[in-house]
Amino acid sequence: MRRCTTVNDKGVPIMFRRVLVVLDAGPVARRIVPWVRRLLIPVHGDVRLLVVLPPGRTVTAGSRTLLYANQGEDAARDAAGVALAAIAAQLRDDGLAVSSEVRFGDPGAVALDVAQAWGAEAIALVDVPTRGVRRWLTRSVADEIVQKSPLPVLVARASGQRAA
Amino acid sequence: MRMKMLMRCSSGTVEARESLAAASMRLASDPGGCVVVTDGGRLAGVLTHADARAAGPSTVPSLAVHELPALTSRLTVADAMRRDPVVVPSDATPADAARALRTRGHRAAIVVDGSEVVGVVTATDLLGALVQRLERETPPRLSRLLVAVSLAAAPSRRSSRTALDLALGIARRHRATLTLLHVMRGLSLRVAEGLPAGVDADVQRWRLAQARAALVRRVPPEDRSMVRVDVRAGDIVEGVLGGAASTGAELIVVGGRPGASLVREMMRRAPCPVLAA
């Protein structure tokens, strides 16, 4: 059974307040934010915004190193941090408690780790479809999280759904 | 809230005699889509995207393609700008600014601190402030939820139970209407819709009544006023998606085996977000 820690006196889950929102560097994944906001405002929820980016790579040209992996990650972290700050400010205005984090690695595995470490009661994300050959060779992040997460998972589609 | 909190910092000014094409490029990079126009250092007007578009030639004239840039290049900011702009002090309220814009039919106002231009505020900014205020007074809520429940397993089946309890919890918090949906395989579509359906119709109606009763029993008596029960016939995914569409559901809650293909299929096709409980 998926675990949900906000329970009634009989131990039956009734609502979640702490939601981990999984984002990436793109705008499509942010479409889940209005839904989380709408879901959590009545319960004065607690949101953690998590951006998971691909690990940085050292860029070389011949024998010269143009960019070290950690430099690339620092730049990506700063850029993601700016975008997260704007989303966090808006959610705080709505009365939600917000924290944010930028991590590097496999999105599914990192999201599940952070959810457990932070004590999330639900995970929210947009199912960003993979295209081309990757669609057949790999699972989407949403599929992986839905399959492995012990928590309730809120999934919105990247397109074709009503707006929050 | 005062203008100084709401305004956008002006991204510089343009001269009235500057070419409209160059000013349009400035507008394109301005997040507010609005620039302050000066004439010899004096405030002369305000230019928005809409003003620049309105001053250009029609996009469906009998002009050759090369004639359009030739015509637009002759236009200056002065030809397109709003003269005599709305000017509001930085300590004015959004209502003051909105009233002034509405009265004069302008789309943007210039915010000044004394005689110095400190920013601009657009009708969109004011609309944003209004939405924020309305949402503070009436927080956004979900009004229609749908939970898909299986009757195939025992009522104590945990995933289905969790989905229902979670959906009831959300519906209570949001004071939303919850549709409790069960899709029955092997039930005649005509019977589900209340129409006669041949010789086995009585048996099927009995199954339908049993299913409805079983669903109602799963809902605590105190919550029954906010719950409506729906039993559909046919394919599970199609039934749930059809139920969500017909009830205008804003959230679908489903239980079931984690990662089950049915849940994934619903997530891919649902008209609203899906909560896999």
# chains A, B, ... in the order shown; residues from 1 in each chain; ligands from 1
call {"tool": "interface_residues", "arguments": {"of": "chain B", "to": "chain A", "cutoff": "9 Å", "atoms": "only C-alpha atoms", "output": "number ranges by chain"}}
result
B: 132, 135-136, 139-142, 158-159, 161-163, 165-170, 173-174, 250, 253, 257-260, 264, 267-277
call {"tool": "residues_around", "arguments": {"residues": "Arg224 (chain B)", "least_positions_apart": "3", "cutoff": "12 Å", "atoms": "only C-alpha atoms", "output": "list in words"}}
result
Leu168, Ala171, Arg172, Thr177, Leu178, Thr179, Leu180, Leu215, Val216, Arg217, Arg218, Val219, Pro220, Pro221, Val227, Arg228 and Val229 of chain B
call {"tool": "residues_around", "arguments": {"residues": "Ala23 (chain B)", "least_positions_apart": "2", "cutoff": "10 Å", "atoms": "only C-alpha atoms", "output": "list in words"}}
result
Thr13, Val14, Glu15, Ala16, Glu18, Ser19, Leu20, Ala21, Met25, Arg26, Leu27, Ala28, Cys34, Val35, Val37, Leu47, Thr48, His49, Ala52, Thr76 and Val77 of chain B
call {"tool": "closest_residue", "arguments": {"among": "B:Ala98, B:Met81, B:Val203, B:Met3", "to": "Val111 (chain B)", "atoms": "only C-alpha atoms"}}
result
B:Met3
call {"tool": "residues_around", "arguments": {"residues": "Asp46 (chain A)", "least_positions_apart": "3", "cutoff": "9 Å", "atoms": "only C-alpha atoms", "output": "list in words"}}
result
Arg17, Arg18, Val19, Leu20, Leu40, Leu96, Ala97, Val98 and Ser99 of chain A
call {"tool": "write_last_selection", "arguments": {"atoms": "C-alpha atoms", "output": "tab-separated table (two decimals), in the first residue's frame"}}
result
chain	number	residue	atom	x	y	z
A	17	ARG	CA	0.07	18.07	3.07
A	18	ARG	CA	3.73	17.54	2.20
A	19	VAL	CA	4.17	17.23	-1.52
A	20	LEU	CA	7.40	16.82	-3.44
A	40	LEU	CA	-2.73	22.31	-1.12
A	96	LEU	CA	2.20	27.50	1.35
A	97	ALA	CA	5.49	26.57	3.01
A	98	VAL	CA	8.02	26.12	0.22
A	99	SER	CA	11.57	24.83	0.03
call {"tool": "select_by_dssp", "arguments": {"residues": "region 19-108 of chain A", "states": "strand (DSSP E or B)", "output": "list in words"}}
result
Val19, Leu20, Val21, Val22, Leu23, Asp46, Val47, Arg48, Leu49, Leu50, Val51, Val52, Leu53, Val59, Thr60, Ala61, Arg64, Thr65, Leu66, Leu67, Ala97, Val98, Ser99, Ser100, Glu101, Val102, Arg103 and Phe104 of chain A
call {"tool": "select_by_dssp", "arguments": {"residues": "region 25-115 of chain A", "states": "helix (DSSP H, G or I)", "output": "count of residues only"}}
result
50
call {"tool": "residues_around", "arguments": {"residues": "region 181-184 of chain B", "least_positions_apart": "4", "cutoff": "7 Å", "atoms": "only C-alpha atoms", "output": "PyMOL selection string"}}
result
chain B and resi 146-150+229-234+236+239
call {"tool": "residues_around", "arguments": {"residues": "Leu50 (chain A)", "least_positions_apart": "6", "cutoff": "9 Å", "atoms": "only C-alpha atoms", "output": "PDB file with C-alpha atoms, in the first residue's frame"}}
result
ATOM      1  CA  LEU A  20       7.398  16.815  -3.445  1.00  0.00           C
ATOM      2  CA  VAL A  21       7.091  18.508  -6.840  1.00  0.00           C
ATOM      3  CA  VAL A  22       9.488  17.041  -9.383  1.00  0.00           C
ATOM      4  CA  LEU A  23      10.591  19.488 -12.074  1.00  0.00           C
ATOM      5  CA  ASP A  24      13.249  19.729 -14.730  1.00  0.00           C
ATOM      6  CA  LEU A  84      12.668  27.947  -8.675  1.00  0.00           C
ATOM      7  CA  SER A  99      11.572  24.831   0.027  1.00  0.00           C
ATOM      8  CA  SER A 100      13.556  24.006  -3.067  1.00  0.00           C
ATOM      9  CA  GLU A 101      16.470  21.874  -4.118  1.00  0.00           C
ATOM     10  CA  VAL A 102      18.493  21.250  -7.281  1.00  0.00           C
ATOM     11  CA  ARG A 103      20.068  17.819  -7.714  1.00  0.00           C
ATOM     12  CA  ALA A 111      13.047  11.995  -6.663  1.00  0.00           C
ATOM     13  CA  VAL A 114      14.453  13.015  -1.756  1.00  0.00           C
TER      14      VAL A 114
END
call {"tool": "atom_distance", "arguments": {"atom1": "CA of Val254 (chain B)", "atom2": "CA of Glu238 (chain B)"}}
result
13.8 Å
call {"tool": "decode", "arguments": {"residues": "region 35-51 of chain A", "atoms": "C-alpha atoms", "output": "short mmCIF file (atom, residue, chain, number, x, y, z; two decimals), in the first residue's frame"}}
result
data_model
loop_
_atom_site.label_atom_id
_atom_site.label_comp_id
_atom_site.auth_asym_id
_atom_site.auth_seq_id
_atom_site.Cartn_x
_atom_site.Cartn_y
_atom_site.Cartn_z
CA TRP A 35 -2.52 21.87 -9.63
CA VAL A 36 -0.39 21.36 -6.54
CA ARG A 37 -1.16 24.91 -5.48
CA ARG A 38 -4.89 24.34 -5.92
CA LEU A 39 -4.75 21.03 -4.07
CA LEU A 40 -2.73 22.31 -1.12
CA ILE A 41 -3.99 25.85 -0.48
CA PRO A 42 -7.02 24.66 1.54
CA VAL A 43 -4.75 22.54 3.78
CA HIS A 44 -1.90 25.11 4.04
CA GLY A 45 0.45 22.51 2.64
CA ASP A 46 4.19 22.17 2.53
CA VAL A 47 5.85 21.95 -0.89
CA ARG A 48 9.36 20.97 -1.85
CA LEU A 49 10.34 21.92 -5.38
CA LEU A 50 12.93 19.52 -6.73
CA VAL A 51 14.74 20.08 -10.01
#
